[in-house]
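Worksheet: the structure to be examined is printed underneath.
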Amino acid sequence: MKFKFMKNTRIKKLKVGILGATGTVGQKFIVLLQNHPWFEITVLAASKESAGQTYEKAVSGRWKQEVDIPQSVRKMPVLECDPRQFNSHERIRIAGAKGGGAQFAYCDFVFSGLDASVAGEIEKAFAMAGYGVISNTKNYRTERDVPLIVPEVNPNHASIIPFQQKRRKWSGFIVTNPNCVVVPLVMAIKPVMDKFGISKIMVTSMQAISGAGYPGVPSLDILDNVIPMIGGEEPKVEWEPLKLLGDIKKDGFKLANIKISAQCNRVPTKDGHLLTVAFSTRKPAKVGEIKHLMKNFKSEPQKMQLPSAPQKPLFYHDDEFRPQTRMDRDRENGMSVSVGRLREDPVLGFKMVVLGHNTIRGAAGAAILNAELLYKKGYLKARL
Ligand code: NAP
């Protein structure tokens, strides 16, 4: 898939580092940031095992994207995830690296696709050292001073950043995007919530194997099978929407008053999480009214013309056999969420099918859109 941007504005690009650059999400960052009009990759980092190698060597045998490793990063050295190395204006020397075996290690902010077991300390170290950290991991999502953002849903939550910096005495900051099931769920619910209110949601997910990273789920477990358990997933899907759909206060967030029940399943698709969702509105609504809201939904990223924003953040399918994972996950470069089969539900009121690309809209693409929003709002700037 070739990634196209909405608008090719010519500006001086911010320099970007990627923490966890060798993983599933890290690789997707590299693909999506090629030819980005505002950001350019200058530093790649991963674990000690990968550090010290060129990027192409570090991902040898485990590059899983459908396009080749971009030329611009092949010879870049992989660094350790240590901000002291990043601050260096010395050339990092490494055999075979870009520019005759040497590379500067400077960037203005970092994306994090780190394994959650190590993300906590590493992301904190970068925020303390003055970097904006745009994170995919769960570690800070529940903190009261860390925004959890989907730009179409709660772009105003970015305004907690100064409070976070003051409270933690950080010159940088951390901003997170939610779990890959939560992104399509809250995007589909948002226009309904704004107009009619929402009191209850029941969601059942059918989640692709790429959601488990690489090498992920063993083939003998997932081939010809459905696994009705994804460790730690259901609590995230039941809690994160409450923060996203809640209100911001000057010193934290007020959670939305919604009861959510989630059941998460791993299924043998490669990319794309399909959800069946039933929900109750607080005010009376009609199927036709909700469809109309979804078909016409646009939000701040579309108004601001952010480069990665889809023109239609929600694509409503009138064909009752859609959305389907393989056919619809790549809509608008994987950034548009598909919805279909909205109908009455005898228990909760309404039900529908929702689909989102997990490694794009649910991970790397979500973080890039967050960075574009933060750049436009003035939170991300050149450090030098
Ligand atoms: P992954 O494929 O396992 O990649 C993990 C990355 O973390 C690799 O680059 C790895 O480097 C690095 N890493 C591991 N241990 C490290 C250490 N001690 N120090 C520094 N770096 C270390 O995982 P993933 O699927 O890309 O997920 C990354 C994060 O995004 C996770 O927190 C995950 O929950 C979240 N996420 C994933 C998805 C998805 O669809 N996959 C969606 C939303 C959020 P090496 O290669 O050198 O080991």
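Lettering and numbering for the structure tokens are positional, with chains as A, B, ... in the shown order, residues counted from 1 in each chain, and ligands counted from 1 in the shown order.
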As a quick test: using only C-alpha atoms and all ligand atoms, which residues lie no more than 6 Å away from ligand 1? Give them as a ChimeraX atom specification. /A:20-26,46-47,49-50,81,113-116,118,136-137,179-180,210-214,358-359,362-363
Among the residues of stretch 114-163 of chain A, find those DSSP assigns to helix (DSSP H, G or I) from the backbone and print them as a PyMOL selection string. chain A and resi 116-128+155-163
Point out the residue among A:Asp108, A:Glu289, A:Glu372, A:Glu152 with the least atom-to-atom distance to A:Pro307, counting only C-alpha atoms.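 Among the listed residues, A:Glu372 lies closest to A:Pro307.
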Taking into account only C-alpha atoms, which residue in the set A:Pro37, A:Pro346, A:Pro147, A:Pro178 is nearest to A:Asp247? A:Pro147
Atom pair atom CA of A:Lys283 + atom CA of A:Pro155, distance 25.0 Å
As an exercise, work out the distance from atom CA of A:Lys250 to atom CA of A:Val192 in Å and give it to one decimal place.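 Between these atoms lies a distance of 26.3 Å.
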Mind checking which residues fall within 10 Å of stretch 337-342 of chain A, counting only C-alpha atoms, ignoring those fewer than 4 positions away in the same chain, and posting them as JSON, numbers by chain? {"A": [183, 184, 185, 187, 188, 274, 275, 276, 277, 278, 287, 288, 290, 291, 294, 295, 310, 312, 313, 314, 315, 316, 317, 318, 319, 320, 321, 322, 323, 324, 325, 328, 329, 330, 331, 332, 350, 351, 352, 353, 354, 355, 356, 357, 361, 362]}
In Å, with one decimal, what is the gap from atom CA of A:Lys249 to atom CA of A:Val153? 16.4 Å
Residues near stretch 193-203 of chain A, cut-off 7 Å, only C-alpha atoms, skip fewer than 4 positions along chain, as an NGL selection string: :A and (189 or 257-263 or 275-283 or 285)
Would you give me, as number ranges by chain, the residues in stretch 62-284 of chain A that DSSP reads as strand (DSSP E)? A: 78-80, 91-93, 102-104, 109-112, 132-135, 173-176, 198-207, 247-249, 252-254, 259-266, 273-281
Written selection (N, CA and C atoms) as a short mmCIF file (atom, residue, chain, number, x, y, z; two decimals), in the first residue's frame:
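Result file again_26.cif:
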```cif
data_model
loop_
_atom_site.label_atom_id
_atom_site.label_comp_id
_atom_site.auth_asym_id
_atom_site.auth_seq_id
_atom_site.Cartn_x
_atom_site.Cartn_y
_atom_site.Cartn_z
N VAL A 78 20.93 1.60 14.33
CA VAL A 78 19.92 1.48 15.39
C VAL A 78 20.62 1.82 16.71
N LEU A 79 20.04 2.76 17.44
CA LEU A 79 20.61 3.16 18.74
C LEU A 79 19.87 2.47 19.87
N GLU A 80 20.44 2.55 21.07
CA GLU A 80 19.69 2.15 22.26
C GLU A 80 18.70 3.27 22.59
N ARG A 91 28.86 12.60 15.54
CA ARG A 91 28.39 11.61 14.58
C ARG A 91 28.51 10.22 15.21
N ILE A 92 27.44 9.42 15.11
CA ILE A 92 27.49 8.05 15.59
C ILE A 92 28.12 7.22 14.47
N ARG A 93 29.20 6.53 14.79
CA ARG A 93 29.88 5.77 13.75
C ARG A 93 29.43 4.32 13.79
N ALA A 102 28.59 7.21 9.15
CA ALA A 102 28.35 8.06 10.31
C ALA A 102 26.97 8.70 10.21
N GLN A 103 26.42 9.06 11.35
CA GLN A 103 25.05 9.55 11.37
C GLN A 103 24.86 10.45 12.58
N PHE A 104 24.24 11.62 12.40
CA PHE A 104 23.88 12.43 13.57
C PHE A 104 22.72 11.78 14.29
N PHE A 109 11.32 15.29 18.34
CA PHE A 109 10.40 14.55 19.22
C PHE A 109 10.47 13.08 18.83
N VAL A 110 9.86 12.22 19.66
CA VAL A 110 9.92 10.77 19.38
C VAL A 110 8.53 10.14 19.34
N PHE A 111 8.41 9.15 18.48
CA PHE A 111 7.27 8.23 18.52
C PHE A 111 7.73 7.01 19.29
N SER A 112 6.82 6.42 20.07
CA SER A 112 7.19 5.19 20.78
C SER A 112 6.28 4.04 20.38
N GLY A 132 8.96 15.65 23.32
CA GLY A 132 7.57 15.23 23.23
C GLY A 132 7.60 13.75 22.86
N VAL A 133 6.88 12.92 23.63
CA VAL A 133 6.84 11.48 23.38
C VAL A 133 5.42 11.14 22.95
N ILE A 134 5.28 10.67 21.72
CA ILE A 134 3.96 10.33 21.19
C ILE A 134 3.88 8.81 21.21
N SER A 135 3.16 8.29 22.19
CA SER A 135 3.27 6.88 22.55
C SER A 135 2.06 6.04 22.15
N PHE A 173 7.00 15.96 27.34
CA PHE A 173 5.68 15.49 27.77
C PHE A 173 5.38 14.15 27.09
N ILE A 174 4.35 13.48 27.59
CA ILE A 174 3.88 12.24 26.97
C ILE A 174 2.42 12.40 26.56
N VAL A 175 2.14 12.01 25.34
CA VAL A 175 0.76 11.94 24.84
C VAL A 175 0.55 10.53 24.32
N THR A 176 -0.59 9.94 24.61
CA THR A 176 -0.82 8.54 24.21
C THR A 176 -1.99 8.43 23.25
N ILE A 198 -24.86 8.40 25.34
CA ILE A 198 -24.71 6.94 25.33
C ILE A 198 -24.70 6.46 26.78
N SER A 199 -25.45 5.41 27.09
CA SER A 199 -25.44 4.89 28.47
C SER A 199 -24.77 3.52 28.58
N LYS A 200 -24.86 2.68 27.54
CA LYS A 200 -24.29 1.32 27.62
C LYS A 200 -23.72 0.91 26.26
N ILE A 201 -22.63 0.14 26.33
CA ILE A 201 -22.03 -0.41 25.10
C ILE A 201 -21.64 -1.86 25.40
N MET A 202 -21.96 -2.77 24.47
CA MET A 202 -21.41 -4.13 24.53
C MET A 202 -20.65 -4.37 23.24
N VAL A 203 -19.38 -4.75 23.36
CA VAL A 203 -18.55 -4.92 22.16
C VAL A 203 -17.88 -6.28 22.17
N THR A 204 -17.92 -6.94 21.01
CA THR A 204 -17.19 -8.20 20.83
C THR A 204 -16.21 -7.97 19.69
N SER A 205 -14.91 -8.24 19.97
CA SER A 205 -13.90 -7.96 18.94
C SER A 205 -13.42 -9.24 18.28
N MET A 206 -13.06 -9.12 16.99
CA MET A 206 -12.40 -10.20 16.25
C MET A 206 -11.08 -9.59 15.76
N GLN A 207 -10.00 -9.84 16.51
CA GLN A 207 -8.76 -9.08 16.35
C GLN A 207 -7.70 -9.84 15.57
N ASP A 247 -14.81 14.46 30.00
CA ASP A 247 -14.49 15.89 29.95
C ASP A 247 -13.12 16.16 30.53
N ILE A 248 -12.53 17.27 30.11
CA ILE A 248 -11.25 17.69 30.67
C ILE A 248 -11.49 18.75 31.74
N LYS A 249 -10.73 18.62 32.84
CA LYS A 249 -10.76 19.65 33.90
C LYS A 249 -9.36 20.27 33.93
N GLY A 252 -7.05 17.28 35.42
CA GLY A 252 -7.34 15.87 35.13
C GLY A 252 -8.54 15.72 34.21
N PHE A 253 -9.17 14.56 34.29
CA PHE A 253 -10.29 14.26 33.39
C PHE A 253 -11.48 13.73 34.19
N LYS A 254 -12.67 14.01 33.70
CA LYS A 254 -13.87 13.45 34.30
C LYS A 254 -14.35 12.35 33.36
N LYS A 259 -21.57 2.50 30.78
CA LYS A 259 -21.19 1.13 31.19
C LYS A 259 -20.77 0.38 29.93
N ILE A 260 -19.56 -0.20 29.97
CA ILE A 260 -19.06 -0.91 28.78
C ILE A 260 -18.70 -2.34 29.15
N SER A 261 -19.12 -3.28 28.30
CA SER A 261 -18.74 -4.69 28.48
C SER A 261 -18.05 -5.15 27.20
N ALA A 262 -16.85 -5.74 27.34
CA ALA A 262 -16.07 -6.15 26.16
C ALA A 262 -15.73 -7.63 26.21
N GLN A 263 -15.77 -8.27 25.05
CA GLN A 263 -15.25 -9.64 24.91
C GLN A 263 -14.30 -9.63 23.72
N CYS A 264 -13.04 -9.99 23.94
CA CYS A 264 -12.01 -9.86 22.90
C CYS A 264 -11.52 -11.22 22.43
N ASN A 265 -11.49 -11.40 21.12
CA ASN A 265 -11.10 -12.68 20.52
C ASN A 265 -9.99 -12.48 19.50
N ARG A 266 -9.04 -13.40 19.44
CA ARG A 266 -8.02 -13.38 18.38
C ARG A 266 -8.50 -14.29 17.26
N HIS A 273 -9.11 -5.03 12.88
CA HIS A 273 -9.94 -5.53 13.98
C HIS A 273 -11.41 -5.24 13.64
N LEU A 274 -12.21 -6.31 13.58
CA LEU A 274 -13.65 -6.18 13.31
C LEU A 274 -14.39 -6.27 14.64
N LEU A 275 -15.34 -5.35 14.87
CA LEU A 275 -16.07 -5.33 16.14
C LEU A 275 -17.57 -5.42 15.87
N THR A 276 -18.28 -6.20 16.68
CA THR A 276 -19.74 -6.08 16.68
C THR A 276 -20.09 -5.34 17.97
N VAL A 277 -20.89 -4.28 17.81
CA VAL A 277 -21.12 -3.34 18.91
C VAL A 277 -22.63 -3.13 19.09
N ALA A 278 -23.13 -3.31 20.31
CA ALA A 278 -24.51 -2.94 20.63
C ALA A 278 -24.46 -1.79 21.63
N PHE A 279 -25.41 -0.86 21.53
CA PHE A 279 -25.35 0.30 22.43
C PHE A 279 -26.74 0.87 22.71
N SER A 280 -26.81 1.58 23.85
CA SER A 280 -28.06 2.27 24.22
C SER A 280 -27.80 3.77 24.22
N THR A 281 -28.74 4.51 23.64
CA THR A 281 -28.62 5.98 23.68
C THR A 281 -29.41 6.50 24.89
#
```
Residue with smallest distance to A:Val16 - pool A:Glu121, A:Glu240, A:Glu40, A:Glu143, counting only C-alpha atoms: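 Comparing A:Glu121, A:Glu240, A:Glu40, A:Glu143 against A:Val16, the winner is A:Glu40.
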List the neighbours of A:Met128 out to 10 Å using only C-alpha atoms; skip same-chain residues closer than 4 positions along the sequence, and give me the result as a ChimeraX atom specification. /A:83,122-124,132,165,168-174
Dump of C-alpha atoms for the selected residues, as an mmCIF file, in the first residue's frame:
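Resulting contents of again-v4.cif:
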```
data_model
loop_
_atom_site.group_PDB
_atom_site.id
_atom_site.type_symbol
_atom_site.label_atom_id
_atom_site.label_comp_id
_atom_site.auth_asym_id
_atom_site.auth_seq_id
_atom_site.Cartn_x
_atom_site.Cartn_y
_atom_site.Cartn_z
ATOM 1 C CA PRO A 83 18.077 10.095 25.413
ATOM 2 C CA ILE A 122 12.170 4.827 28.664
ATOM 3 C CA GLU A 123 9.316 7.188 27.772
ATOM 4 C CA LYS A 124 9.718 8.956 31.122
ATOM 5 C CA GLY A 132 7.574 15.231 23.228
ATOM 6 C CA GLN A 165 4.813 19.353 32.671
ATOM 7 C CA ARG A 168 6.078 16.230 36.910
ATOM 8 C CA LYS A 169 8.683 18.951 36.327
ATOM 9 C CA TRP A 170 9.257 17.673 32.802
ATOM 10 C CA SER A 171 10.357 19.946 29.968
ATOM 11 C CA GLY A 172 8.997 17.350 27.521
ATOM 12 C CA PHE A 173 5.676 15.489 27.766
ATOM 13 C CA ILE A 174 3.884 12.235 26.969
#
```
